[in-house]
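Q: File final_18.cif below, mmCIF, C-alpha atoms:
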data_input
loop_
_atom_site.label_atom_id
_atom_site.label_comp_id
_atom_site.auth_asym_id
_atom_site.auth_seq_id
_atom_site.Cartn_x
_atom_site.Cartn_y
_atom_site.Cartn_z
CA MET A 1 34.71 20.25 55.16
CA ARG A 2 35.91 22.85 52.79
CA ARG A 3 34.21 23.45 49.51
CA SER A 4 37.34 22.47 47.60
CA GLN A 5 37.48 19.12 49.40
CA ILE A 6 33.81 18.43 48.64
CA LEU A 7 34.35 19.14 44.95
CA LEU A 8 37.41 16.86 44.92
CA LEU A 9 35.52 13.96 46.52
CA LEU A 10 32.61 14.43 44.10
CA SER A 11 35.01 14.41 41.17
CA VAL A 12 36.62 11.17 42.34
CA PHE A 13 33.21 9.52 42.90
CA LEU A 14 31.94 10.39 39.45
CA SER A 15 35.10 9.17 37.75
CA VAL A 16 34.88 5.83 39.58
CA PHE A 17 31.13 5.48 38.86
CA HIS A 18 31.73 5.86 35.14
CA SER A 19 34.62 3.42 35.14
CA PRO A 20 34.24 -0.16 33.70
CA LEU A 21 34.03 -1.47 37.27
CA PHE A 22 30.56 0.02 37.59
CA ALA A 23 29.44 -0.59 34.03
CA PHE A 24 27.45 -3.64 35.10
CA ARG A 25 25.37 -1.47 37.43
CA ARG A 26 23.91 0.55 34.56
CA PRO A 27 21.17 -1.50 32.88
CA LYS A 28 20.97 -1.09 29.13
CA TYR A 29 17.46 -0.88 27.77
CA ARG A 30 17.06 -1.98 24.15
CA LEU A 31 13.87 -2.40 22.19
CA GLN A 32 13.57 -6.00 21.02
CA PRO A 33 12.15 -6.58 17.54
CA ALA A 34 8.76 -8.25 17.43
CA PRO A 35 9.01 -11.97 16.66
CA ILE A 36 8.25 -12.93 13.08
CA VAL A 37 5.13 -15.07 12.85
CA HIS A 38 5.06 -17.29 9.80
CA PRO A 39 1.81 -18.68 8.39
CA PHE A 40 0.42 -21.93 9.79
CA LEU A 41 -1.60 -23.98 7.31
CA PHE A 42 -3.88 -26.59 8.85
CA ASP A 43 -4.91 -28.68 5.87
CA PHE A 44 -7.95 -30.94 5.87
CA MET A 45 -6.93 -33.45 3.23
CA GLY A 46 -10.03 -34.90 1.56
CA LYS A 47 -10.71 -38.51 2.44
CA ALA A 48 -14.26 -39.16 1.18
CA GLU A 49 -16.52 -40.52 3.93
CA ARG A 50 -13.78 -40.54 6.57
CA VAL A 51 -14.31 -36.88 7.54
CA SER A 52 -14.61 -37.75 11.24
CA TRP A 53 -10.93 -38.69 11.30
CA ASP A 54 -10.07 -35.03 10.77
CA ILE A 55 -12.17 -33.93 13.74
CA GLY A 56 -10.04 -36.19 15.93
CA VAL A 57 -6.88 -34.64 14.49
CA VAL A 58 -8.20 -31.13 15.18
CA LYS A 59 -9.02 -32.07 18.76
CA ALA A 60 -5.54 -33.48 19.41
CA THR A 61 -3.80 -30.47 17.84
CA PHE A 62 -5.98 -27.84 19.47
CA ALA A 63 -5.04 -29.10 22.95
CA VAL A 64 -1.42 -27.98 22.51
CA SER A 65 -1.13 -25.58 19.55
CA PRO A 66 -1.00 -21.88 20.48
CA ALA A 67 -1.65 -20.87 16.85
CA LEU A 68 -4.76 -23.01 16.61
CA GLN A 69 -5.99 -21.77 19.97
CA SER A 70 -5.50 -18.13 19.00
CA GLY A 71 -7.02 -18.51 15.54
CA ASN A 72 -3.81 -17.45 13.82
CA VAL A 73 -4.12 -20.16 11.19
CA ILE A 74 -5.07 -20.80 7.57
CA PHE A 75 -7.70 -23.51 7.13
CA GLY A 76 -7.11 -25.35 3.88
CA GLY A 77 -9.23 -28.14 2.48
CA ASN A 78 -10.22 -30.08 -0.59
CA SER A 79 -13.07 -32.45 -1.42
CA SER A 80 -14.75 -33.63 1.79
CA GLY A 81 -11.98 -31.87 3.74
CA ALA A 82 -13.29 -28.57 2.39
CA LEU A 83 -16.38 -29.03 4.57
CA LEU A 84 -14.32 -28.74 7.76
CA ALA A 85 -12.04 -26.04 6.35
CA GLY A 86 -15.11 -23.92 5.67
CA TYR A 87 -16.66 -24.75 9.03
CA PHE A 88 -13.62 -23.94 11.20
CA GLY A 89 -12.75 -21.00 8.97
CA CYS A 90 -16.16 -19.60 9.90
CA TRP A 91 -16.35 -20.40 13.59
CA GLY A 92 -12.73 -20.91 14.66
CA VAL A 93 -11.50 -23.82 16.75
CA SER A 94 -12.76 -24.07 20.31
CA LYS A 95 -14.17 -26.75 22.57
CA ALA A 96 -17.66 -25.64 21.58
CA SER A 97 -16.99 -25.57 17.82
CA ILE A 98 -15.38 -29.02 17.92
CA GLU A 99 -18.39 -30.42 19.76
CA MET A 100 -20.72 -28.84 17.20
CA ALA A 101 -18.68 -30.33 14.33
CA GLU A 102 -19.02 -33.74 16.00
CA GLU A 103 -22.76 -33.26 16.30
CA ILE A 104 -23.15 -32.30 12.63
CA ILE A 105 -20.66 -34.62 10.91
CA ASN A 106 -20.96 -37.72 13.08
CA HIS A 107 -24.74 -37.77 12.84
CA PHE A 108 -24.97 -37.12 9.12
CA ASP A 109 -25.33 -39.92 6.57
CA TYR A 110 -21.64 -40.40 5.78
CA GLU A 111 -22.55 -42.96 3.08
CA LEU A 112 -23.31 -39.87 1.01
CA LEU A 113 -19.53 -39.45 0.60
CA ASN A 114 -18.70 -43.14 0.13
CA LEU A 115 -15.85 -43.68 -2.33
CA ASP A 116 -16.84 -47.29 -3.25
CA THR A 117 -14.46 -47.45 -6.22
CA LYS A 118 -15.39 -51.04 -7.12
CA GLY A 119 -19.10 -50.31 -7.41
CA LYS A 120 -18.53 -47.05 -9.25
CA MET A 121 -16.12 -48.61 -11.73
CA ARG A 122 -18.77 -51.20 -12.59
CA ARG A 123 -21.25 -48.41 -13.31
CA LEU A 124 -18.69 -46.53 -15.39
CA PHE A 125 -17.84 -49.67 -17.37
CA GLY A 126 -21.49 -50.26 -18.21
CA ASN A 127 -21.88 -46.64 -19.22
CA ARG A 128 -18.80 -46.56 -21.44
CA VAL A 129 -19.03 -49.96 -23.08
CA PHE A 130 -22.75 -50.54 -23.39
CA GLY A 131 -23.98 -46.95 -23.46
CA PHE A 132 -26.32 -47.40 -20.50
CA SER A 133 -28.05 -44.17 -19.56
CA VAL A 134 -26.59 -44.14 -16.07
CA LYS A 135 -26.53 -40.99 -13.97
CA LEU A 136 -22.93 -40.92 -12.81
CA GLU A 137 -23.19 -38.17 -10.16
CA GLU A 138 -25.72 -37.36 -7.49
CA ASP A 139 -27.44 -34.00 -7.24
CA HIS A 140 -26.50 -31.54 -4.49
CA ILE A 141 -29.71 -31.64 -2.47
CA GLU A 142 -28.51 -33.78 0.44
CA ILE A 143 -24.93 -32.49 0.52
CA GLY A 144 -26.42 -28.98 0.38
CA LYS A 145 -28.28 -29.66 3.62
CA LEU A 146 -25.00 -30.63 5.29
CA ILE A 147 -23.26 -27.51 3.97
CA ASP A 148 -26.09 -25.30 5.22
CA GLN A 149 -25.76 -26.81 8.70
CA LEU A 150 -22.02 -26.18 8.74
CA LEU A 151 -22.37 -22.54 7.71
CA SER A 152 -25.03 -21.53 10.23
CA LYS A 153 -25.04 -21.72 14.01
CA GLY A 154 -27.71 -20.66 16.48
CA GLY A 155 -29.55 -18.64 13.87
CA ARG A 156 -26.37 -16.87 12.77
CA SER A 157 -24.84 -17.25 9.31
CA CYS A 158 -21.12 -17.39 8.68
CA VAL A 159 -19.29 -14.26 7.55
CA PRO A 160 -16.06 -15.64 6.02
CA ALA A 161 -13.50 -13.01 6.99
CA ARG A 162 -10.02 -14.54 6.69
CA GLY A 163 -7.85 -17.62 6.51
CA ILE A 164 -9.86 -19.93 4.21
CA LEU A 165 -8.28 -21.76 1.25
CA ILE A 166 -10.30 -24.36 -0.70
CA SER A 167 -9.40 -26.06 -3.98
CA ALA A 168 -11.50 -27.17 -6.94
CA THR A 169 -10.62 -28.58 -10.36
CA ASN A 170 -11.53 -26.70 -13.55
CA LEU A 171 -13.57 -29.11 -15.65
CA ASP A 172 -13.84 -26.68 -18.58
CA VAL A 173 -10.03 -26.73 -18.88
CA LEU A 174 -9.27 -30.39 -18.17
CA ASP A 175 -12.14 -32.37 -19.70
CA SER A 176 -10.64 -34.91 -22.13
CA ARG A 177 -13.46 -37.43 -22.37
CA VAL A 178 -13.90 -39.21 -25.68
CA TYR A 179 -17.17 -40.97 -26.52
CA ASP A 180 -18.47 -43.03 -29.36
CA PRO A 181 -21.59 -41.55 -30.96
CA GLY A 182 -24.66 -42.06 -28.81
CA LYS A 183 -22.71 -43.18 -25.75
CA GLN A 184 -22.23 -39.87 -23.97
CA PRO A 185 -23.24 -40.04 -20.30
CA ARG A 186 -25.93 -37.78 -18.96
CA VAL A 187 -24.25 -34.53 -17.99
CA GLU A 188 -25.98 -32.59 -15.24
CA ILE A 189 -24.66 -29.24 -14.02
CA TRP A 190 -25.51 -27.76 -10.63
CA ALA A 191 -25.88 -24.13 -9.65
CA ARG A 192 -27.39 -22.47 -6.60
CA ASP A 193 -29.82 -20.85 -9.02
CA GLN A 194 -30.60 -23.87 -11.18
CA SER A 195 -31.91 -21.70 -14.01
CA GLN A 196 -28.27 -20.69 -14.53
CA ALA A 197 -27.16 -24.29 -14.92
CA ASN A 198 -29.51 -25.07 -17.80
CA ARG A 199 -28.08 -22.47 -20.16
CA PRO A 200 -26.15 -24.22 -22.97
CA ASP A 201 -23.20 -21.83 -22.73
CA LEU A 202 -22.58 -22.98 -19.14
CA ILE A 203 -22.14 -26.63 -20.07
CA PRO A 204 -18.56 -27.74 -20.81
CA PRO A 205 -18.55 -28.39 -24.56
CA THR A 206 -16.21 -31.39 -24.46
CA ALA A 207 -18.67 -33.21 -22.23
CA LEU A 208 -21.27 -33.11 -24.98
CA THR A 209 -19.26 -33.59 -28.16
CA ARG A 210 -16.88 -36.26 -29.39
CA SER A 211 -13.28 -35.08 -29.66
CA SER A 212 -10.82 -36.83 -31.97
CA LYS A 213 -7.92 -37.32 -29.55
CA ARG A 214 -6.56 -36.48 -26.14
CA ASP A 215 -4.16 -33.72 -27.01
CA LYS A 216 -3.93 -31.51 -23.91
CA THR A 217 -0.58 -30.96 -22.23
CA VAL A 218 0.14 -29.76 -18.68
CA ASP A 219 3.03 -27.82 -17.14
CA TRP A 220 3.32 -29.53 -13.76
CA ASP A 221 5.10 -26.54 -12.24
CA ASN A 222 2.23 -24.09 -12.71
CA PHE A 223 -0.64 -26.34 -13.87
CA ASN A 224 -1.07 -24.39 -17.10
CA VAL A 225 -2.98 -26.49 -19.62
CA SER A 226 -2.59 -26.08 -23.38
CA ARG A 227 -3.61 -27.68 -26.66
CA SER A 228 -1.42 -27.35 -29.74
CA GLY A 229 0.48 -24.54 -28.05
CA ILE A 230 -2.68 -22.57 -27.18
CA HIS A 231 -3.12 -21.79 -23.48
CA LEU A 232 -6.50 -23.01 -22.20
CA GLY A 233 -6.21 -21.97 -18.55
CA LYS A 234 -5.12 -23.48 -15.27
CA ALA A 235 -6.16 -26.91 -14.05
CA CYS A 236 -7.50 -25.71 -10.72
CA THR A 237 -8.93 -22.85 -8.68
CA TYR A 238 -8.26 -21.65 -5.14
CA PHE A 239 -11.32 -20.22 -3.40
CA VAL A 240 -9.76 -17.75 -0.94
CA THR A 241 -10.74 -15.05 1.50
CA GLN A 242 -9.54 -11.49 0.85
CA ASP A 243 -6.35 -11.79 2.92
CA LEU A 244 -5.11 -14.79 0.94
CA PHE A 245 -6.36 -13.37 -2.35
CA ASP A 246 -4.15 -10.32 -1.80
CA LYS A 247 -1.13 -12.43 -0.87
CA LEU A 248 -1.37 -15.08 -3.57
CA ARG A 249 -1.98 -12.59 -6.35
CA ALA A 250 1.59 -11.38 -5.71
CA LEU A 251 2.80 -14.58 -7.37
CA ASP A 252 3.21 -14.27 -11.11
CA ARG A 253 0.44 -16.11 -12.96
CA ASN A 254 3.02 -18.47 -14.48
CA LYS A 255 4.47 -19.25 -11.06
CA ARG A 256 1.16 -19.80 -9.29
CA GLN A 257 -0.47 -23.20 -9.47
CA CYS A 258 -4.20 -22.34 -9.43
CA GLU A 259 -6.53 -19.53 -10.39
CA LEU A 260 -7.77 -17.30 -7.55
CA ARG A 261 -11.49 -16.98 -6.83
CA LEU A 262 -12.47 -14.53 -4.12
CA ILE A 263 -14.65 -15.48 -1.15
CA GLN A 264 -16.49 -12.43 0.17
CA THR A 265 -19.88 -13.71 1.28
CA ILE A 266 -21.49 -16.82 2.69
CA GLU A 267 -22.79 -17.57 -0.83
CA ASP A 268 -19.21 -17.53 -2.14
CA LEU A 269 -18.15 -19.96 0.57
CA ARG A 270 -21.17 -22.16 -0.06
CA LEU A 271 -20.21 -22.28 -3.76
CA ALA A 272 -16.62 -23.20 -2.80
CA LEU A 273 -17.79 -26.17 -0.72
CA HIS A 274 -20.14 -27.42 -3.43
CA ALA A 275 -17.38 -26.99 -6.03
CA SER A 276 -14.83 -28.92 -3.98
CA VAL A 277 -17.07 -31.91 -3.16
CA ALA A 278 -18.39 -32.14 -6.75
CA GLU A 279 -15.98 -34.92 -7.68
CA PRO A 280 -16.50 -37.32 -10.58
CA THR A 281 -18.94 -40.10 -9.61
CA PHE A 282 -19.84 -38.22 -6.39
CA PHE A 283 -21.77 -35.04 -7.19
CA GLU A 284 -22.69 -33.08 -10.29
CA PRO A 285 -20.21 -30.49 -11.58
CA VAL A 286 -20.79 -26.93 -10.34
CA VAL A 287 -21.02 -23.87 -12.57
CA GLU A 288 -19.45 -20.51 -11.73
CA THR A 289 -22.06 -17.74 -11.96
CA GLU A 290 -19.82 -14.85 -10.83
CA PRO A 291 -16.71 -15.12 -13.04
CA ASN A 292 -15.87 -11.49 -12.20
CA LYS A 293 -14.56 -12.81 -8.86
CA ILE A 294 -11.89 -14.87 -10.63
CA LEU A 295 -8.58 -12.99 -10.85
CA GLY A 296 -7.87 -12.45 -14.54
CA GLY A 297 -11.16 -13.98 -15.64
CA ILE A 298 -11.53 -17.08 -17.82
CA VAL A 299 -8.98 -17.61 -20.57
CA GLN A 300 -11.10 -19.43 -23.14
CA LEU A 301 -13.52 -17.05 -24.80
CA GLY A 302 -17.06 -18.35 -25.11
CA THR A 303 -16.78 -20.81 -22.22
CA ARG A 304 -17.73 -20.64 -18.58
CA ARG A 305 -16.00 -22.00 -15.53
CA VAL A 306 -17.27 -25.38 -14.31
CA TYR A 307 -15.80 -27.10 -11.24
CA ASN A 308 -15.66 -30.84 -10.62
CA GLY A 309 -14.17 -31.39 -7.18
CA GLY A 310 -10.97 -30.80 -5.28
CA TYR A 311 -9.41 -34.21 -5.92
CA LEU A 312 -6.49 -32.80 -7.94
CA VAL A 313 -4.93 -30.43 -5.38
CA SER A 314 -4.30 -31.74 -1.87
CA PRO A 315 -2.68 -30.57 0.35
CA LEU A 316 -2.67 -26.83 -0.39
CA GLY A 317 0.73 -25.57 0.76
CA ARG A 318 2.66 -25.45 -2.51
CA ASP A 319 1.92 -21.83 -3.46
CA LEU A 320 1.95 -20.64 0.16
CA LYS A 321 5.49 -22.02 0.42
CA ARG A 322 6.45 -20.15 -2.72
CA LEU A 323 5.35 -16.95 -1.02
CA ASP A 324 6.92 -17.75 2.36
CA PRO A 325 9.14 -20.85 2.58
CA CYS A 326 8.78 -20.72 6.38
CA THR A 327 5.04 -21.45 6.18
CA PHE A 328 4.32 -24.47 8.39
CA ALA A 329 2.04 -26.86 6.51
CA PHE A 330 0.29 -29.53 8.58
CA GLY A 331 -1.86 -32.17 6.86
CA THR A 332 -4.48 -34.48 8.35
CA GLY A 333 -3.35 -37.33 6.10
CA VAL A 334 -4.60 -39.12 3.00
CA LYS A 335 -3.82 -42.17 0.88
CA PRO A 336 -3.33 -42.08 -2.90
CA PHE A 337 -6.31 -43.01 -5.05
CA PRO A 338 -6.67 -46.69 -5.98
CA ASP A 339 -4.86 -47.31 -9.27
CA ARG A 340 -8.07 -47.91 -11.20
CA ALA A 341 -9.52 -44.59 -10.05
CA ASP A 342 -6.31 -42.73 -10.85
CA VAL A 343 -6.20 -44.19 -14.38
CA MET A 344 -9.83 -43.28 -15.01
CA LEU A 345 -9.45 -39.70 -13.74
CA GLN A 346 -6.32 -39.13 -15.81
CA ALA A 347 -7.97 -40.53 -18.95
CA TRP A 348 -11.05 -38.36 -18.52
CA PHE A 349 -9.54 -35.20 -17.03
CA THR A 350 -5.98 -35.00 -18.39
CA MET A 351 -4.00 -35.14 -15.12
CA SER A 352 -3.14 -37.94 -12.70
CA PRO A 353 -4.34 -37.04 -9.18
CA ASN A 354 -1.75 -39.38 -7.66
CA GLN A 355 1.09 -37.65 -9.50
CA SER A 356 -0.27 -34.33 -8.30
CA LEU A 357 -0.53 -35.68 -4.74
CA LEU A 358 3.20 -36.46 -4.70
CA LEU A 359 3.96 -32.89 -5.80
CA GLN A 360 1.66 -31.32 -3.22
CA LYS A 361 2.89 -33.51 -0.35
CA ALA A 362 6.44 -32.28 -0.94
CA ALA A 363 5.28 -28.95 0.55
CA LEU A 364 4.07 -30.54 3.82
CA ASP A 365 6.07 -30.14 7.03
CA ALA A 366 4.03 -32.76 8.88
CA GLU A 367 1.30 -35.23 7.95
CA VAL A 368 -0.70 -37.53 10.18
CA PRO A 369 -0.23 -41.11 8.93
CA VAL A 370 -3.46 -42.87 8.00
CA PRO A 371 -3.60 -46.61 8.79
CA TRP A 372 -6.37 -47.63 6.37
CA ASP A 373 -6.71 -48.21 2.65
CA TRP A 374 -9.56 -47.24 0.35
CA ASP A 375 -12.39 -49.75 0.00
CA THR A 376 -11.72 -51.19 3.45
CA GLU A 377 -14.44 -51.35 6.07
CA ILE A 378 -15.44 -47.92 7.35
CA PRO A 379 -15.59 -47.58 11.17
CA LEU A 380 -18.42 -45.75 12.86
CA PRO A 381 -17.84 -41.96 12.86
CA ALA A 382 -17.16 -41.77 16.62
CA ASP A 383 -14.61 -44.61 16.37
CA LEU A 384 -13.00 -42.98 13.35
CA GLU A 385 -12.72 -39.68 15.22
CA MET A 386 -11.00 -41.42 18.12
CA ALA A 387 -8.62 -43.13 15.69
CA GLY A 388 -7.73 -39.71 14.22
CA PHE A 389 -7.11 -38.34 17.71
CA GLU A 390 -4.86 -41.24 18.70
CA GLY A 391 -3.15 -41.29 15.31
CA ALA A 392 -2.23 -37.60 15.55
CA LYS A 393 -0.88 -37.64 19.11
CA PRO A 394 2.57 -39.19 18.41
CA LEU A 395 3.23 -36.73 15.58
CA ILE A 396 2.08 -33.74 17.63
CA GLU A 397 4.18 -34.81 20.62
CA ASP A 398 7.22 -35.09 18.36
CA LEU A 399 6.57 -31.62 16.94
CA GLN A 400 6.29 -30.26 20.50
CA ARG A 401 9.56 -31.83 21.61
CA SER A 402 11.36 -30.31 18.63
CA CYS A 403 9.63 -26.93 19.18
CA ARG A 404 8.20 -26.97 15.66
CA LEU A 405 4.46 -26.92 16.36
CA PRO A 406 3.07 -23.40 15.85
#
I need this file expressed as structure tokens, please.
A:
Amino acid sequence: MRRSQILLLLSVFLSVFHSPLFAFRRPKYRLQPAPIVHPFLFDFMGKAERVSWDIGVVKATFAVSPALQSGNVIFGGNSSGALLAGYFGCWGVSKASIEMAEEIINHFDYELLNLDTKGKMRRLFGNRVFGFSVKLEEDHIEIGKLIDQLLSKGGRSCVPARGILISATNLDVLDSRVYDPGKQPRVEIWARDQSQANRPDLIPPTALTRSSKRDKTVDWDNFNVSRSGIHLGKACTYFVTQDLFDKLRALDRNKRQCELRLIQTIEDLRLALHASVAEPTFFEPVVETEPNKILGGIVQLGTRRVYNGGYLVSPLGRDLKRLDPCTFAFGTGVKPFPDRADVMLQAWFTMSPNQSLLLQKAALDAEVPVPWDWDTEIPLPADLEMAGFEGAKPLIEDLQRSCRLP
């Protein structure tokens, strides 16, 4: 074949190869963008002595949730729910860590966390009306033993690195109690170093003196509390690890709901758990001994931060949603406080926890329904855990079918 013929055939071949007829033969390689992973908040909603319910919910969710299995999750918690948020934030969720949580929680004296609103209201009535010298809150000795067990494992202590969000209420900002002369209750303050708690400047002044009227007002959008137009501070505090501290501080102070308190060490996390369980009629208020870890410090000069439980903020997705509306917030479920408890808490501490609960729940994407009411008979911990497992399954299966479970 002549050279000219070869060149002609080659020219025809190349023109046909580059024609649309052969376009499908040339694969096009394109770099696909990495999928966007939005935050997943697993929120342990405080439910007093019914902590074991939440272990059942964790077990049911862990079986099918890739995010929970990989550890790509934020563990939120308040009140007794803070105990599990701190625990799983330390050790992650695995078959072994769930079994250890069962061993610790289900064999601890859960009566320590008993709500018992009827009995407590009788004690409060006697204290208020007759001036009985009744100690309204327990000390932290026994609950401290439980916290220490949760934060250590096999001789190792927790190093809280990321993904922990725990709420506590700021007693020094919210306290609105009014007492007749001589009828103040005994006010005990707890600190890890108890010598810090006995200093007069650490005790909330309104708990020791009689005020003339309840005159504090609250902005329910940002929980700013004021009196006569003077800003007193925020109603609550988030204890957060560094990753969440850096994210949440991006919200303007007047658009964020709670103060930010940094968790860097096991002592910080231990303080967070004590602060969140220190609810009125449960455990003594907890004093902050490292105010330098609070973003922006304390507003009221001459006062110190004192926490009295996480009852006011549950669940914890409201500010996370403000940062990223695609955050998936999953709650383990809770009932509103009994009316008598809600009225008492609002009268003493300015804000209604049930009104706050409605606001916070609006940020949930899914919540496990709880079938019991407060002051009903409490099942054994193992039975309560099984009830949480079975109660969560229908919700989780629905989330799977709709491809919404992270």
Q: Name the residues captured by the PyMOL selection byres ((chain A and resi 339) around 12) when it is applied to the shown file; answer as a PDB file with C-alpha atoms, in the frame of the given file.
A:
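Here's the written file selection_6.pdb:
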ATOM      1  CA  THR A 117     -14.460 -47.450  -6.220  1.00  0.00           C
ATOM      2  CA  LYS A 118     -15.390 -51.040  -7.120  1.00  0.00           C
ATOM      3  CA  MET A 121     -16.120 -48.610 -11.730  1.00  0.00           C
ATOM      4  CA  LYS A 335      -3.820 -42.170   0.880  1.00  0.00           C
ATOM      5  CA  PRO A 336      -3.330 -42.080  -2.900  1.00  0.00           C
ATOM      6  CA  PHE A 337      -6.310 -43.010  -5.050  1.00  0.00           C
ATOM      7  CA  PRO A 338      -6.670 -46.690  -5.980  1.00  0.00           C
ATOM      8  CA  ARG A 340      -8.070 -47.910 -11.200  1.00  0.00           C
ATOM      9  CA  ALA A 341      -9.520 -44.590 -10.050  1.00  0.00           C
ATOM     10  CA  ASP A 342      -6.310 -42.730 -10.850  1.00  0.00           C
ATOM     11  CA  VAL A 343      -6.200 -44.190 -14.380  1.00  0.00           C
ATOM     12  CA  MET A 344      -9.830 -43.280 -15.010  1.00  0.00           C
ATOM     13  CA  LEU A 345      -9.450 -39.700 -13.740  1.00  0.00           C
ATOM     14  CA  GLN A 346      -6.320 -39.130 -15.810  1.00  0.00           C
ATOM     15  CA  SER A 352      -3.140 -37.940 -12.700  1.00  0.00           C
ATOM     16  CA  PRO A 353      -4.340 -37.040  -9.180  1.00  0.00           C
ATOM     17  CA  ASN A 354      -1.750 -39.380  -7.660  1.00  0.00           C
ATOM     18  CA  GLN A 355       1.090 -37.650  -9.500  1.00  0.00           C
ATOM     19  CA  TRP A 374      -9.560 -47.240   0.350  1.00  0.00           C
TER      20      TRP A 374
END
Q: The PyMOL selection byres ((chain A and resi 79-86) around 8) on the file shown: which residues, as a CSV table (one decimal) with C-alpha atoms, keeping the file's coordinate frame?
A:
chain,number,residue,atom,x,y,z
A,43,ASP,CA,-4.9,-28.7,5.9
A,44,PHE,CA,-8.0,-30.9,5.9
A,45,MET,CA,-6.9,-33.4,3.2
A,46,GLY,CA,-10.0,-34.9,1.6
A,47,LYS,CA,-10.7,-38.5,2.4
A,48,ALA,CA,-14.3,-39.2,1.2
A,49,GLU,CA,-16.5,-40.5,3.9
A,51,VAL,CA,-14.3,-36.9,7.5
A,54,ASP,CA,-10.1,-35.0,10.8
A,75,PHE,CA,-7.7,-23.5,7.1
A,76,GLY,CA,-7.1,-25.4,3.9
A,77,GLY,CA,-9.2,-28.1,2.5
A,78,ASN,CA,-10.2,-30.1,-0.6
A,87,TYR,CA,-16.7,-24.8,9.0
A,88,PHE,CA,-13.6,-23.9,11.2
A,89,GLY,CA,-12.8,-21.0,9.0
A,90,CYS,CA,-16.2,-19.6,9.9
A,113,LEU,CA,-19.5,-39.4,0.6
A,147,ILE,CA,-23.3,-27.5,4.0
A,150,LEU,CA,-22.0,-26.2,8.7
A,151,LEU,CA,-22.4,-22.5,7.7
A,164,ILE,CA,-9.9,-19.9,4.2
A,165,LEU,CA,-8.3,-21.8,1.2
A,166,ILE,CA,-10.3,-24.4,-0.7
A,167,SER,CA,-9.4,-26.1,-4.0
A,168,ALA,CA,-11.5,-27.2,-6.9
A,269,LEU,CA,-18.2,-20.0,0.6
A,273,LEU,CA,-17.8,-26.2,-0.7
A,276,SER,CA,-14.8,-28.9,-4.0
A,277,VAL,CA,-17.1,-31.9,-3.2
A,278,ALA,CA,-18.4,-32.1,-6.8
A,279,GLU,CA,-16.0,-34.9,-7.7
A,309,GLY,CA,-14.2,-31.4,-7.2
A,310,GLY,CA,-11.0,-30.8,-5.3
A,311,TYR,CA,-9.4,-34.2,-5.9
Q: Would you mind telling me which residue in A:Leu359, A:Val225, A:Ile55, A:Leu41 lies nearest to Asp383 of chain A when using all atoms listed in the file?
A: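 Ranked by minimum distance to Asp383 of chain A, first place goes to A:Ile55.
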Q: Any idea what the distance is between atom CA of Met386 of chain A and atom CA of Ser52 of chain A?
A: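 Answer for the atom CA of Met386 of chain A to atom CA of Ser52 of chain A separation: 8.6 Å.
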Q: Could you check the closest approach to Gly144 of chain A for each of A:Ala96, A:Leu248, A:Ala235, A:Ala272 and tell me which residue wins, using all atoms listed in the file?
A: A:Ala272
Q: Find, counting all atoms listed in the file, the residue in A:His38, A:Arg318, A:Lys59, A:His274 that gets nearest to Gly391 of chain A.
A: A:Lys59
Q: Just the number, please: distance in Å from atom CA of Asn72 of chain A to atom CA of Phe330 of chain A, one decimal.
A: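 The value is 13.8 Å.
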Q: Could you give me, as a list in words, the residues within 10 Å of Ile378 of chain A, counting only C-alpha atoms and dropping anything in the same chain fewer than 4 positions from it?
A: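 Using only C-alpha atoms, the neighbours found are Glu49, Arg50, Tyr110, Glu111, Asn114, Trp372, Asp373, Trp374, Asp383 and Leu384 of chain A.
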Q: Can you tell me, as a count of residues only, which residues sit within 9 Å of (-14.7, -17.9, -9.2) in the file's frame, using all atoms listed in the file?
A: 21
Q: How far is it from atom CA of Gln360 of chain A to atom CA of Phe283 of chain A, in Å with one decimal?
A: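 Result for atom CA of Gln360 of chain A versus atom CA of Phe283 of chain A: 24.1 Å, one decimal.
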Q: Mind checking which residues fall within 7 Å of Phe389 of chain A, counting all atoms listed in the file, ignoring those fewer than 2 positions away in the same chain, and posting them as a PyMOL selection string?
A: chain A and resi 56-57+59-60+385-387+391-393
Q: Nearest residue to Arg256 of chain A out of A:Asn224, A:Gln242, A:Thr169, A:Thr281, using all atoms listed in the file?
A: A:Asn224
Q: Name the residues that the PyMOL selection byres ((chain A and resi 107) around 12) pulls out of this structure, and write them as a PyMOL selection string.
A: chain A and resi 51-52+99-106+108-111+146+149+380-382
Q: Next, the residues of the selection above should be written as a short mmCIF file (atom, residue, chain, number, x, y, z; two decimals), in the coordinates of the input with C-alpha atoms.
A:
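Once written, result_32.cif looks like this:
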data_model
loop_
_atom_site.label_atom_id
_atom_site.label_comp_id
_atom_site.auth_asym_id
_atom_site.auth_seq_id
_atom_site.Cartn_x
_atom_site.Cartn_y
_atom_site.Cartn_z
CA VAL A 51 -14.31 -36.88 7.54
CA SER A 52 -14.61 -37.75 11.24
CA GLU A 99 -18.39 -30.42 19.76
CA MET A 100 -20.72 -28.84 17.20
CA ALA A 101 -18.68 -30.33 14.33
CA GLU A 102 -19.02 -33.74 16.00
CA GLU A 103 -22.76 -33.26 16.30
CA ILE A 104 -23.15 -32.30 12.63
CA ILE A 105 -20.66 -34.62 10.91
CA ASN A 106 -20.96 -37.72 13.08
CA PHE A 108 -24.97 -37.12 9.12
CA ASP A 109 -25.33 -39.92 6.57
CA TYR A 110 -21.64 -40.40 5.78
CA GLU A 111 -22.55 -42.96 3.08
CA LEU A 146 -25.00 -30.63 5.29
CA GLN A 149 -25.76 -26.81 8.70
CA LEU A 380 -18.42 -45.75 12.86
CA PRO A 381 -17.84 -41.96 12.86
CA ALA A 382 -17.16 -41.77 16.62
#
